[in-house]
>>> print(open('my_file27.tsv').read())   # TSV, C-alpha atoms
chain	number	residue	atom	x	y	z
H	1	MET	CA	-6.16	-28.75	0.31
H	2	PHE	CA	-2.63	-27.86	1.40
H	3	ILE	CA	-1.21	-29.20	-1.87
H	4	ARG	CA	-3.76	-27.18	-3.81
H	5	PHE	CA	-2.86	-24.07	-1.86
H	6	ILE	CA	0.80	-24.57	-2.77
H	7	THR	CA	-0.31	-24.86	-6.40
H	8	VAL	CA	-1.95	-21.45	-6.13
H	9	LEU	CA	1.17	-19.99	-4.56
H	10	LEU	CA	3.32	-21.31	-7.39
H	11	MET	CA	0.90	-19.87	-9.92
H	12	LEU	CA	1.22	-16.50	-8.24
H	13	LEU	CA	4.98	-16.50	-8.69
H	14	CYS	CA	4.11	-15.44	-12.22
H	15	THR	CA	1.15	-13.28	-11.25
H	16	SER	CA	2.03	-10.52	-13.69
H	17	ALA	CA	1.98	-12.95	-16.59
H	18	SER	CA	-1.25	-14.46	-15.31
H	19	ALA	CA	-2.87	-11.02	-15.03
H	20	ALA	CA	-1.76	-10.16	-18.53
H	21	LEU	CA	-3.38	-13.31	-19.90
H	22	ILE	CA	-6.58	-13.13	-17.90
H	23	SER	CA	-8.40	-11.01	-20.48
H	24	ASP	CA	-7.05	-13.06	-23.41
H	25	ARG	CA	-8.61	-16.35	-22.38
H	26	PRO	CA	-12.33	-17.02	-22.88
H	27	ALA	CA	-14.28	-17.05	-19.62
H	28	ARG	CA	-16.43	-20.02	-18.65
H	29	TYR	CA	-19.61	-19.47	-16.65
H	30	MET	CA	-19.76	-21.82	-13.71
H	31	GLN	CA	-22.12	-22.22	-10.75
H	32	THR	CA	-21.12	-23.05	-7.19
H	33	THR	CA	-22.49	-26.33	-5.88
H	34	GLU	CA	-21.67	-25.69	-2.21
H	35	ASP	CA	-20.05	-23.10	0.04
H	36	ALA	CA	-16.74	-22.41	-1.70
H	37	ALA	CA	-13.71	-20.74	-0.14
H	38	ILE	CA	-12.02	-18.17	-2.38
H	39	TRP	CA	-8.36	-17.13	-2.30
H	40	ALA	CA	-6.44	-14.19	-3.71
H	41	GLN	CA	-3.16	-12.36	-3.46
H	42	VAL	CA	-3.44	-9.45	-0.99
H	43	GLY	CA	-0.21	-7.50	-0.72
H	44	ASN	CA	2.52	-10.12	-1.02
H	45	ARG	CA	0.55	-12.97	0.56
H	46	VAL	CA	-2.02	-15.44	-0.73
H	47	VAL	CA	-4.89	-15.48	1.76
H	48	ASN	CA	-8.45	-16.67	2.12
H	49	VAL	CA	-10.57	-13.69	1.08
H	50	GLY	CA	-14.04	-15.07	1.78
H	51	ASN	CA	-16.50	-17.56	0.36
H	52	VAL	CA	-19.25	-17.88	-2.23
H	53	ARG	CA	-22.60	-19.48	-1.38
H	54	PRO	CA	-24.12	-22.39	-3.36
H	55	GLY	CA	-25.91	-21.55	-6.61
H	56	GLN	CA	-23.87	-18.43	-7.45
H	57	ILE	CA	-22.60	-17.83	-10.98
H	58	LEU	CA	-19.03	-16.71	-11.65
H	59	ALA	CA	-17.07	-16.13	-14.83
H	60	VAL	CA	-13.93	-18.25	-14.38
H	61	LEU	CA	-10.86	-18.96	-16.44
H	62	PRO	CA	-9.80	-22.58	-16.94
H	63	THR	CA	-6.33	-23.55	-15.74
H	64	ALA	CA	-4.30	-26.74	-15.63
H	65	ALA	CA	-4.33	-26.66	-11.82
H	66	ASP	CA	-7.04	-27.76	-9.38
H	67	PHE	CA	-8.34	-24.18	-9.21
H	68	TYR	CA	-10.13	-21.86	-11.57
H	69	GLU	CA	-9.08	-18.21	-11.76
H	70	PHE	CA	-11.54	-15.32	-11.61
H	71	SER	CA	-11.33	-11.55	-11.27
H	72	PHE	CA	-11.08	-10.38	-7.67
H	73	GLY	CA	-10.66	-6.66	-7.03
H	74	PHE	CA	-7.56	-5.49	-8.87
H	75	GLY	CA	-6.11	-8.97	-9.14
H	76	THR	CA	-6.87	-12.65	-9.56
H	77	GLY	CA	-8.88	-14.92	-7.29
H	78	PHE	CA	-8.82	-18.71	-7.07
H	79	ILE	CA	-11.59	-21.21	-6.40
H	80	ASP	CA	-11.49	-25.01	-6.14
H	81	LYS	CA	-12.83	-26.69	-9.30
H	82	ASP	CA	-14.63	-29.27	-7.18
H	83	HIS	CA	-17.02	-26.57	-5.95
H	84	LEU	CA	-18.24	-25.61	-9.44
H	85	GLU	CA	-20.35	-27.02	-12.26
H	86	ALA	CA	-21.31	-25.74	-15.70
H	87	VAL	CA	-24.29	-23.40	-15.92
H	88	GLN	CA	-27.28	-24.55	-17.93
H	89	GLY	CA	-28.89	-21.80	-20.00
H	90	ARG	CA	-27.24	-18.68	-21.37
H	91	GLN	CA	-30.06	-16.30	-20.38
H	92	ARG	CA	-29.76	-17.25	-16.74
H	93	VAL	CA	-26.09	-16.34	-16.88
H	94	GLN	CA	-26.71	-12.92	-18.39
H	95	ASP	CA	-29.44	-12.10	-15.88
H	96	SER	CA	-27.09	-12.91	-13.01
H	97	LEU	CA	-24.10	-10.96	-14.25
H	98	GLY	CA	-25.69	-7.57	-14.86
H	99	ASP	CA	-23.85	-4.59	-16.38
H	100	LEU	CA	-20.18	-5.61	-16.49
H	101	ASN	CA	-18.99	-2.43	-18.19
H	102	LYS	CA	-19.42	-0.15	-15.19
H	103	PRO	CA	-16.09	1.57	-14.41
H	104	LEU	CA	-14.64	1.54	-10.92
H	105	SER	CA	-15.22	4.69	-8.87
H	106	ASN	CA	-11.65	5.26	-7.60
H	107	GLN	CA	-12.93	4.36	-4.14
H	108	ASN	CA	-12.62	1.27	-1.96
H	109	LEU	CA	-14.41	-0.20	0.99
H	110	ILE	CA	-12.61	-1.86	3.86
H	111	THR	CA	-13.72	-4.81	5.96
H	112	TRP	CA	-13.04	-5.23	9.66
H	113	LYS	CA	-14.97	-8.51	10.03
H	114	ASP	CA	-16.33	-11.29	7.83
H	115	THR	CA	-18.68	-9.17	5.72
H	116	PRO	CA	-21.89	-10.41	4.06
H	117	VAL	CA	-22.24	-9.85	0.31
H	118	TYR	CA	-25.71	-9.77	-1.26
H	119	ASN	CA	-27.17	-10.22	-4.73
H	120	ALA	CA	-29.18	-7.00	-4.44
H	121	PRO	CA	-29.00	-3.82	-2.30
H	122	SER	CA	-31.16	-5.32	0.44
H	123	ALA	CA	-30.35	-7.42	3.48
H	124	GLY	CA	-33.40	-9.48	2.56
H	125	SER	CA	-31.97	-10.47	-0.82
H	126	ALA	CA	-30.25	-13.75	-1.50
H	127	PRO	CA	-26.74	-13.89	-0.04
H	128	PHE	CA	-23.87	-14.11	-2.52
H	129	GLY	CA	-21.22	-14.94	0.06
H	130	THR	CA	-18.79	-13.09	2.32
H	131	LEU	CA	-15.63	-11.03	2.12
H	132	ALA	CA	-13.08	-11.80	4.82
H	133	ASP	CA	-11.81	-9.44	7.49
H	134	ASN	CA	-8.98	-6.99	6.69
H	135	LEU	CA	-9.56	-6.36	2.99
H	136	ARG	CA	-9.66	-3.31	0.75
H	137	TYR	CA	-12.02	-3.82	-2.16
H	138	PRO	CA	-12.89	-1.51	-5.09
H	139	ILE	CA	-16.34	0.07	-5.24
H	140	ILE	CA	-18.20	0.57	-8.51
H	141	SER	CA	-20.93	2.82	-7.14
H	142	LYS	CA	-23.05	3.68	-4.09
H	143	LEU	CA	-26.80	4.05	-3.64
H	144	LYS	CA	-29.31	4.56	-0.84
H	145	ASP	CA	-32.26	2.24	-0.34
H	146	ARG	CA	-35.77	3.32	0.70
H	147	LEU	CA	-34.63	3.35	4.33
H	148	ASN	CA	-31.79	5.74	3.44
H	149	GLN	CA	-29.23	3.00	3.99
H	150	THR	CA	-26.06	3.24	1.83
H	151	TRP	CA	-25.01	0.23	-0.24
H	152	TYR	CA	-21.72	-0.35	-2.05
H	153	GLN	CA	-21.80	-2.05	-5.44
H	154	ILE	CA	-18.81	-4.30	-6.14
H	155	ARG	CA	-17.75	-6.85	-8.76
H	156	ILE	CA	-16.42	-10.37	-8.08
H	157	GLY	CA	-15.76	-12.85	-10.86
H	158	ASN	CA	-17.54	-10.57	-13.38
H	159	ARG	CA	-20.52	-10.67	-11.07
H	160	LEU	CA	-22.15	-7.57	-9.56
H	161	ALA	CA	-22.91	-7.76	-5.84
H	162	TRP	CA	-23.70	-5.50	-2.90
H	163	ILE	CA	-22.37	-4.74	0.59
H	164	SER	CA	-24.13	-2.67	3.24
H	165	SER	CA	-22.32	0.31	4.77
H	166	LEU	CA	-23.43	-1.14	8.12
H	167	ASP	CA	-20.99	-4.00	7.48
H	168	ALA	CA	-18.04	-2.15	5.89
H	169	GLN	CA	-16.50	1.32	5.80
H	170	GLN	CA	-15.48	3.49	2.89
H	171	ASP	CA	-11.68	3.57	2.59
H	172	ASN	CA	-10.23	6.90	3.74
H	173	GLY	CA	-6.68	6.22	2.60
H	174	ILE	CA	-3.39	4.64	3.66
H	175	PRO	CA	-1.15	6.42	6.18
H	176	VAL	CA	2.47	6.98	5.19
H	177	LEU	CA	4.41	7.62	8.41
H	178	THR	CA	7.39	9.98	8.35
H	179	TYR	CA	10.49	9.76	10.54
H	180	HIS	CA	13.97	11.30	10.38
H	181	HIS	CA	16.24	11.04	13.43
H	182	ILE	CA	15.92	8.63	16.37
H	183	LEU	CA	17.80	8.73	19.69
H	184	ARG	CA	17.69	7.32	23.19
H	185	ASP	CA	16.20	9.75	25.71
H	186	GLU	CA	19.35	9.85	27.84
H	187	GLU	CA	21.65	10.72	24.92
H	188	ASN	CA	19.37	13.30	23.29
H	189	THR	CA	20.79	16.57	24.61
H	190	ARG	CA	20.79	18.52	21.35
H	191	PHE	CA	17.63	17.50	19.45
H	192	ARG	CA	15.08	17.19	22.25
H	193	HIS	CA	13.01	20.07	20.91
H	194	THR	CA	13.33	19.09	17.26
H	195	SER	CA	10.04	17.71	15.95
H	196	THR	CA	11.82	15.49	13.43
H	197	THR	CA	13.68	13.61	16.18
H	198	THR	CA	11.85	10.79	17.95
H	199	SER	CA	12.95	8.57	20.79
H	200	VAL	CA	13.87	4.90	20.64
H	201	ARG	CA	11.27	4.26	23.32
H	202	ALA	CA	8.47	6.04	21.41
H	203	PHE	CA	9.40	4.41	18.10
H	204	SER	CA	9.56	0.95	19.64
H	205	ASN	CA	6.17	1.45	21.30
H	206	GLN	CA	4.65	2.66	18.04
H	207	MET	CA	5.97	-0.31	16.07
H	208	THR	CA	4.80	-2.70	18.80
H	209	TRP	CA	1.34	-1.16	18.56
H	210	LEU	CA	1.29	-1.66	14.78
H	211	ARG	CA	2.38	-5.28	15.23
H	212	ASP	CA	-0.22	-5.96	17.92
H	213	GLN	CA	-3.00	-4.39	15.81
H	214	GLY	CA	-2.12	-6.63	12.86
H	215	TYR	CA	-0.82	-3.96	10.48
H	216	THR	CA	1.03	-4.82	7.28
H	217	THR	CA	3.92	-2.52	6.35
H	218	LEU	CA	3.92	-1.62	2.67
H	219	THR	CA	6.73	-0.91	0.25
H	220	MET	CA	6.47	2.12	-2.01
H	221	TYR	CA	5.93	-0.28	-4.91
H	222	GLN	CA	2.82	-1.63	-3.18
H	223	LEU	CA	1.67	1.88	-2.35
H	224	GLU	CA	1.96	2.74	-6.03
H	225	GLY	CA	-0.18	-0.28	-6.86
H	226	TYR	CA	-2.80	1.10	-4.46
H	227	VAL	CA	-2.71	4.67	-5.82
H	228	ARG	CA	-2.95	3.44	-9.41
H	229	ASN	CA	-5.69	0.87	-8.66
H	230	LYS	CA	-3.56	-2.11	-9.65
H	231	MET	CA	-3.12	-4.13	-6.45
H	232	ASN	CA	-5.20	-5.71	-3.69
H	233	LEU	CA	-4.04	-4.61	-0.23
H	234	PRO	CA	-5.17	-5.34	3.33
H	235	ALA	CA	-7.30	-2.87	5.27
H	236	ARG	CA	-4.78	-2.60	8.10
H	237	ALA	CA	-1.83	-1.27	6.11
H	238	VAL	CA	0.73	1.45	6.65
H	239	ALA	CA	3.91	2.64	4.93
H	240	ILE	CA	6.91	3.65	7.08
H	241	THR	CA	9.40	6.17	5.69
H	242	PHE	CA	12.62	7.74	6.96
H	243	ASP	CA	14.03	10.86	5.30
H	244	ASP	CA	17.72	11.82	4.97
H	245	GLY	CA	19.57	8.52	5.61
H	246	LEU	CA	20.86	9.22	9.11
H	247	LYS	CA	23.09	6.77	10.97
H	248	SER	CA	20.55	6.56	13.81
H	249	VAL	CA	18.22	4.71	11.44
H	250	SER	CA	20.57	1.75	11.13
H	251	ARG	CA	21.54	1.94	14.81
H	252	TYR	CA	18.08	2.16	16.39
H	253	ALA	CA	15.20	1.84	13.91
H	254	TYR	CA	16.52	-1.15	11.98
H	255	PRO	CA	16.64	-3.62	14.95
H	256	VAL	CA	13.03	-2.85	15.91
H	257	LEU	CA	11.72	-3.16	12.38
H	258	HIS	CA	13.72	-6.32	11.77
H	259	GLN	CA	12.40	-7.90	14.96
H	260	TYR	CA	8.80	-7.44	13.81
H	261	GLY	CA	9.39	-8.41	10.19
H	262	PHE	CA	8.44	-4.92	9.03
H	263	HIS	CA	9.44	-3.16	5.83
H	264	ALA	CA	10.31	0.54	5.47
H	265	THR	CA	11.59	3.03	2.93
H	266	ALA	CA	14.65	5.23	3.48
H	267	PHE	CA	14.80	8.35	1.31
H	268	ILE	CA	18.54	8.92	1.00
H	269	ILE	CA	20.47	12.14	0.31
H	270	SER	CA	22.86	10.36	-2.02
H	271	SER	CA	25.71	12.92	-1.80
H	272	ARG	CA	25.94	12.36	1.98
H	273	ILE	CA	26.50	8.61	1.94
H	274	LYS	CA	29.77	7.97	3.80
H	275	ARG	CA	32.51	5.81	2.37
H	276	HIS	CA	33.24	4.34	5.82
H	277	PRO	CA	31.11	4.13	9.01
H	278	GLN	CA	31.56	6.98	11.45
H	279	LYS	CA	32.08	6.55	15.16
H	280	TRP	CA	28.73	7.13	16.85
H	281	ASP	CA	28.15	10.66	18.14
H	282	ALA	CA	24.65	11.39	19.46
H	283	LYS	CA	25.32	15.13	19.41
H	284	SER	CA	25.69	15.41	15.64
H	285	LEU	CA	23.72	14.42	12.56
H	286	GLN	CA	25.64	11.54	11.03
H	287	PHE	CA	24.81	9.78	7.79
H	288	MET	CA	24.92	6.10	6.94
H	289	SER	CA	27.86	4.57	5.14
H	290	ILE	CA	27.88	2.23	2.17
H	291	ALA	CA	28.34	-0.75	4.49
H	292	GLU	CA	25.55	0.34	6.83
H	293	LEU	CA	23.13	0.79	3.97
H	294	ARG	CA	23.93	-2.67	2.66
H	295	THR	CA	23.46	-4.17	6.12
H	296	ILE	CA	19.86	-2.96	6.45
H	297	ARG	CA	18.65	-3.82	2.95
H	298	ASP	CA	16.54	-6.73	4.23
H	299	VAL	CA	14.25	-4.20	5.92
H	300	PHE	CA	14.79	-0.93	4.07
H	301	ASP	CA	14.21	-0.05	0.45
H	302	PHE	CA	16.32	2.94	-0.63
H	303	GLN	CA	14.79	5.77	-2.62
H	304	SER	CA	15.79	9.35	-3.47
H	305	HIS	CA	15.90	12.45	-1.26
H	306	THR	CA	17.92	14.21	-4.03
H	307	HIS	CA	21.69	14.41	-4.42
H	308	PHE	CA	22.86	18.01	-3.68
H	309	LEU	CA	19.48	19.75	-3.25
H	310	HIS	CA	18.88	19.01	0.43
H	311	ARG	CA	19.93	22.50	1.54
H	312	VAL	CA	18.34	25.83	2.42
H	313	ASP	CA	19.23	29.35	1.33
H	314	ALA	CA	20.01	32.38	3.52
H	315	LEU	CA	16.30	32.82	4.21
H	316	HIS	CA	15.97	29.15	5.23
H	317	HIS	CA	13.94	28.34	2.13
H	318	PRO	CA	14.56	25.02	0.33
H	319	ILE	CA	17.33	25.62	-2.22
H	320	LEU	CA	15.38	23.55	-4.73
H	321	LEU	CA	12.85	26.39	-5.08
H	322	SER	CA	15.52	28.71	-6.49
H	323	ARG	CA	16.85	26.23	-9.05
H	324	ASN	CA	15.72	26.00	-12.66
H	325	TYR	CA	14.19	22.93	-14.25
H	326	HIS	CA	17.43	21.78	-15.89
H	327	ASN	CA	19.45	21.89	-12.65
H	328	ILE	CA	16.75	20.05	-10.74
H	329	LEU	CA	16.48	17.38	-13.43
H	330	LEU	CA	20.25	16.80	-13.40
H	331	ASP	CA	20.23	16.43	-9.62
H	332	PHE	CA	17.32	13.97	-9.66
H	333	GLU	CA	19.00	11.86	-12.34
H	334	HIS	CA	22.32	11.98	-10.45
H	335	SER	CA	20.58	10.76	-7.31
H	336	ARG	CA	18.99	7.82	-9.11
H	337	ARG	CA	22.35	6.76	-10.55
H	338	ALA	CA	24.14	7.09	-7.20
H	339	LEU	CA	21.57	4.94	-5.42
H	340	ALA	CA	21.51	2.26	-8.12
H	341	GLN	CA	24.32	0.41	-6.33
H	342	PHE	CA	21.88	-0.36	-3.52
H	343	ASN	CA	18.64	-0.58	-5.46
H	344	PRO	CA	18.16	-0.99	-9.23
H	345	HIS	CA	14.61	0.37	-8.92
H	346	VAL	CA	14.92	3.93	-7.60
H	347	LEU	CA	11.45	5.09	-8.61
H	348	TYR	CA	10.33	7.31	-5.73
H	349	LEU	CA	11.31	10.73	-4.44
H	350	SER	CA	10.94	12.74	-1.24
H	351	TYR	CA	11.19	16.50	-1.77
H	352	PRO	CA	13.79	18.15	0.52
H	353	PHE	CA	12.02	19.92	3.41
H	354	GLY	CA	8.77	19.21	1.55
H	355	GLY	CA	9.56	21.99	-0.94
H	356	TYR	CA	8.40	21.71	-4.54
H	357	ASP	CA	7.24	23.88	-7.43
H	358	ASP	CA	6.22	23.34	-11.05
H	359	ASN	CA	9.85	22.88	-12.11
H	360	ALA	CA	10.33	20.18	-9.47
H	361	LEU	CA	7.16	18.35	-10.49
H	362	LYS	CA	8.14	18.35	-14.16
H	363	ALA	CA	11.72	17.30	-13.34
H	364	ALA	CA	10.50	14.48	-11.09
H	365	ASN	CA	8.35	13.13	-13.89
H	366	ASP	CA	11.02	13.54	-16.56
H	367	ALA	CA	13.70	11.97	-14.34
H	368	GLY	CA	11.62	8.79	-14.25
H	369	PHE	CA	10.15	8.94	-10.75
H	370	HIS	CA	6.82	7.13	-10.47
H	371	MET	CA	5.75	8.91	-7.27
H	372	ALA	CA	6.94	11.63	-4.91
H	373	VAL	CA	6.04	12.36	-1.30
H	374	THR	CA	5.64	15.71	0.44
H	375	THR	CA	5.35	16.89	4.04
H	376	VAL	CA	1.69	17.87	3.58
H	377	GLN	CA	-0.33	16.15	6.30
H	378	GLY	CA	-2.82	13.51	5.20
H	379	LYS	CA	-3.28	10.01	3.84
H	380	VAL	CA	-2.71	8.57	0.39
H	381	LYS	CA	-5.78	7.70	-1.67
H	382	PRO	CA	-6.35	6.12	-5.09
H	383	GLY	CA	-6.31	8.72	-7.81
H	384	ASP	CA	-4.13	11.18	-5.85
H	385	ASN	CA	-1.54	13.18	-7.79
H	386	VAL	CA	1.33	10.69	-7.70
H	387	LEU	CA	3.92	13.47	-7.45
H	388	LEU	CA	2.23	15.17	-4.48
H	389	LEU	CA	1.49	12.39	-2.01
H	390	LYS	CA	0.74	13.28	1.61
H	391	ARG	CA	2.28	11.79	4.74
H	392	LEU	CA	1.71	11.76	8.51
H	393	TYR	CA	4.01	12.62	11.41
H	394	ILE	CA	3.79	10.68	14.67
H	395	LEU	CA	5.76	12.73	17.21
H	396	ARG	CA	7.84	11.53	20.16
H	397	THR	CA	5.30	13.11	22.51
H	398	ASP	CA	2.22	11.64	20.82
H	399	SER	CA	0.36	8.99	22.80
H	400	LEU	CA	-0.57	5.65	21.26
H	401	GLU	CA	-4.19	6.85	21.39
H	402	THR	CA	-3.21	9.80	19.21
H	403	MET	CA	-1.39	7.49	16.84
H	404	ALA	CA	-4.41	5.18	16.64
H	405	ARG	CA	-6.66	8.12	15.80
H	406	LEU	CA	-4.30	9.43	13.12
H	407	ILE	CA	-3.81	6.17	11.25
H	408	SER	CA	-7.29	4.70	11.73
H	409	ASN	CA	-9.78	4.75	8.89
H	410	GLN	CA	-11.56	7.81	10.24
H	411	PRO	CA	-11.73	10.81	7.86
H	412	GLN	CA	-8.90	13.29	8.44
H	413	GLY	CA	-9.68	16.92	9.12
>>> encode(input="my_file27.tsv", output="structure tokens")
Amino acid sequence: MFIRFITVLLMLLCTSASAALISDRPARYMQTTEDAAIWAQVGNRVVNVGNVRPGQILAVLPTAADFYEFSFGFGTGFIDKDHLEAVQGRQRVQDSLGDLNKPLSNQNLITWKDTPVYNAPSAGSAPFGTLADNLRYPIISKLKDRLNQTWYQIRIGNRLAWISSLDAQQDNGIPVLTYHHILRDEENTRFRHTSTTTSVRAFSNQMTWLRDQGYTTLTMYQLEGYVRNKMNLPARAVAITFDDGLKSVSRYAYPVLHQYGFHATAFIISSRIKRHPQKWDAKSLQFMSIAELRTIRDVFDFQSHTHFLHRVDALHHPILLSRNYHNILLDFEHSRRALAQFNPHVLYLSYPFGGYDDNALKAANDAGFHMAVTTVQGKVKPGDNVLLLKRLYILRTDSLETMARLISNQPQG
């Protein structure tokens, strides 16, 4: 089994090519002969995503490996060939597959335990199998049974199936956490009452909590896959972002994130990158140097916080709001070019001070940004406006209980 698992992993090194071919190859209808474990790529890992009970029909794609491929969520699943046999009788296949042309609903469910999957919207129907703990999975539709119980309709291997809302929750979005400055309590004499400054102690405790709760930290590329319904992601997932590109990020945030194997995104004001590292001064806002940025690239992905537009006018309004479309576009393009030395894929933007208008939205799109984040409070959901994504702030004074409530799957007010 270990050798077969490695085979799957190697196949997934060319996942994009595999996904492109999946609709071009004729499907073969096969029936499970015994309980069969199923695997899929979730985030950047290949994991066991559940099992299928004996006698269930799936549409699979033949491969040269020891596994068949089948559709699983927004990606490809894998099942051992030894657990399948050819189906006898075309009509039986059609009856089992149902309406395969139903579009997805732009909604997901999430699992927090091994979750039973049924052949009909009734706990008394024949079991199809299970979905594993810690998955997000796309929903086709919802209905209520005669007992007013809600059921989620899903599709696995071109097969329609059902999950009870008693066993899974509807997905309420992924939290994107926002940080700026970070200091030790004893050296923070100037920014103690600044909401955008957190403490090393608070940040470390928050990251430890995420680690202990089993959270996966997402890149912006993965978040885009989620928003655009193109990628399977775990239920316990969070994106961590830092705005501005301050020196304190490399000094204090990087070691904590590196220790836990976490990933984060730094939105950089590209005009403020220093040629050489500055001597540390906790009483001023210092920006990272070229060398410091390169040192933290194993944890941080660098994206744009504009080039010269991170300023305010005399009324303390974001200067971006007084600029015309052409000036904004030039700045966005300049920022992408300046950051290309650290990252050839600068595809995401954070608006300075959260300020944006129609000119900024059009310029962001025309400059080639795939997504942009704001300071509007909330979570990111599939189908959201990709240039107006929400984020969450976890303050220095917030308890871990407050953090848990904010990032949990409960609906936000």
>>> closest_residue(input="my_file27.tsv", among="H:His310, H:His316, H:His193, H:Arg337", to="Leu395 in chain H", atoms="all atoms listed in the file")
H:His193
>>> closest_residue(input="my_file27.tsv", among="H:Leu285, H:Leu166, H:Leu147, H:Met371", to="Ser304 in chain H", atoms="only C-alpha atoms")
H:Met371
>>> closest_residue(input="my_file27.tsv", among="H:Ile328, H:Leu183, H:Leu309, H:Val47", to="Arg251 in chain H", atoms="only C-alpha atoms")
H:Leu183
>>> closest_residue(input="my_file27.tsv", among="H:Leu330, H:Leu135, H:Ile154, H:Val200", to="Asn119 in chain H", atoms="only C-alpha atoms")
H:Ile154
>>> closest_residue(input="my_file27.tsv", among="H:Phe128, H:Phe67, H:Phe369, H:Tyr226", to="Lys381 in chain H", atoms="only C-alpha atoms")
H:Tyr226
>>> closest_residue(input="my_file27.tsv", among="H:Arg272, H:Leu160, H:Lys379, H:Asn205", to="Glu401 in chain H", atoms="all atoms listed in the file")
H:Asn205
>>> atom_distance(input="my_file27.tsv", atom1="CA of Glu69 in chain H", atom2="CA of His83 in chain H")
12.9 Å
>>> residues_around(input="my_file27.tsv", residues="Glu85 in chain H", least_positions_apart="6", cutoff="7 Å", atoms="all atoms listed in the file", output="PyMOL selection string")
chain H and resi 30-33
>>> residues_around(input="my_file27.tsv", residues="Leu109 in chain H", least_positions_apart="2", cutoff="7 Å", atoms="only C-alpha atoms", output="ChimeraX atom specification")
/H:111,136-139,168-171
>>> atom_distance(input="my_file27.tsv", atom1="CA of Asn327 in chain H", atom2="CA of Tyr348 in chain H")
18.5 Å
>>> residues_around(input="my_file27.tsv", residues="Lys362 in chain H", least_positions_apart="4", cutoff="10 Å", atoms="only C-alpha atoms", output="PyMOL selection string")
chain H and resi 325+328-329+357-358+366-367+387
>>> atom_distance(input="my_file27.tsv", atom1="CA of Arg228 in chain H", atom2="CA of Tyr215 in chain H")
21.3 Å
>>> residues_around(input="my_file27.tsv", residues="Lys247 in chain H", least_positions_apart="4", cutoff="7 Å", atoms="all atoms listed in the file", output="list of chain:residue names")
H:Arg251, H:Gln286, H:Phe287, H:Met288
>>> residues_around(input="my_file27.tsv", residues="His317 in chain H", least_positions_apart="6", cutoff="10 Å", atoms="only C-alpha atoms", output="PyMOL selection string")
chain H and resi 311+353+355
>>> residues_near_point(input="my_file27.tsv", point="(20.2, 7.3, -6.5)", cutoff="9 Å", atoms="all atoms listed in the file", output="VMD selection string")
chain H and resid 268 to 270 302 to 307 332 to 344 346
>>> decode(input="my_file27.tsv", residues="range 186-197 of chain H", atoms="N, CA and C atoms", output="JSON list (two decimals), in the first residue's frame")
[["chain", "number", "residue", "atom", "x", "y", "z"],
["H", 186, "GLU", "N", 7.86, 44.63, 26.65],
["H", 186, "GLU", "CA", 8.75, 45.53, 27.37],
["H", 186, "GLU", "C", 9.39, 46.61, 26.48],
["H", 187, "GLU", "N", 9.40, 46.40, 25.17],
["H", 187, "GLU", "CA", 9.99, 47.41, 24.29],
["H", 187, "GLU", "C", 8.94, 48.27, 23.59],
["H", 188, "ASN", "N", 7.66, 47.95, 23.80],
["H", 188, "ASN", "CA", 6.60, 48.69, 23.13],
["H", 188, "ASN", "C", 6.18, 49.89, 23.97],
["H", 189, "THR", "N", 6.87, 50.98, 23.78],
["H", 189, "THR", "CA", 6.55, 52.22, 24.52],
["H", 189, "THR", "C", 5.80, 53.22, 23.66],
["H", 190, "ARG", "N", 5.84, 53.02, 22.34],
["H", 190, "ARG", "CA", 5.23, 54.00, 21.44],
["H", 190, "ARG", "C", 3.93, 53.52, 20.82],
["H", 191, "PHE", "N", 3.79, 52.20, 20.61],
["H", 191, "PHE", "CA", 2.66, 51.69, 19.83],
["H", 191, "PHE", "C", 1.68, 50.86, 20.66],
["H", 192, "ARG", "N", 1.74, 51.04, 21.99],
["H", 192, "ARG", "CA", 0.92, 50.19, 22.86],
["H", 192, "ARG", "C", -0.57, 50.37, 22.61],
["H", 193, "HIS", "N", -0.96, 51.56, 22.21],
["H", 193, "HIS", "CA", -2.39, 51.83, 21.99],
["H", 193, "HIS", "C", -2.76, 51.84, 20.51],
["H", 194, "THR", "N", -1.88, 51.28, 19.70],
["H", 194, "THR", "CA", -2.15, 51.16, 18.26],
["H", 194, "THR", "C", -2.72, 49.79, 17.97],
["H", 195, "SER", "N", -3.93, 49.75, 17.41],
["H", 195, "SER", "CA", -4.60, 48.46, 17.22],
["H", 195, "SER", "C", -3.87, 47.55, 16.25],
["H", 196, "THR", "N", -3.08, 48.15, 15.35],
["H", 196, "THR", "CA", -2.37, 47.34, 14.36],
["H", 196, "THR", "C", -1.04, 46.79, 14.87],
["H", 197, "THR", "N", -0.72, 47.04, 16.13],
["H", 197, "THR", "CA", 0.49, 46.47, 16.74],
["H", 197, "THR", "C", 0.09, 45.39, 17.72]]
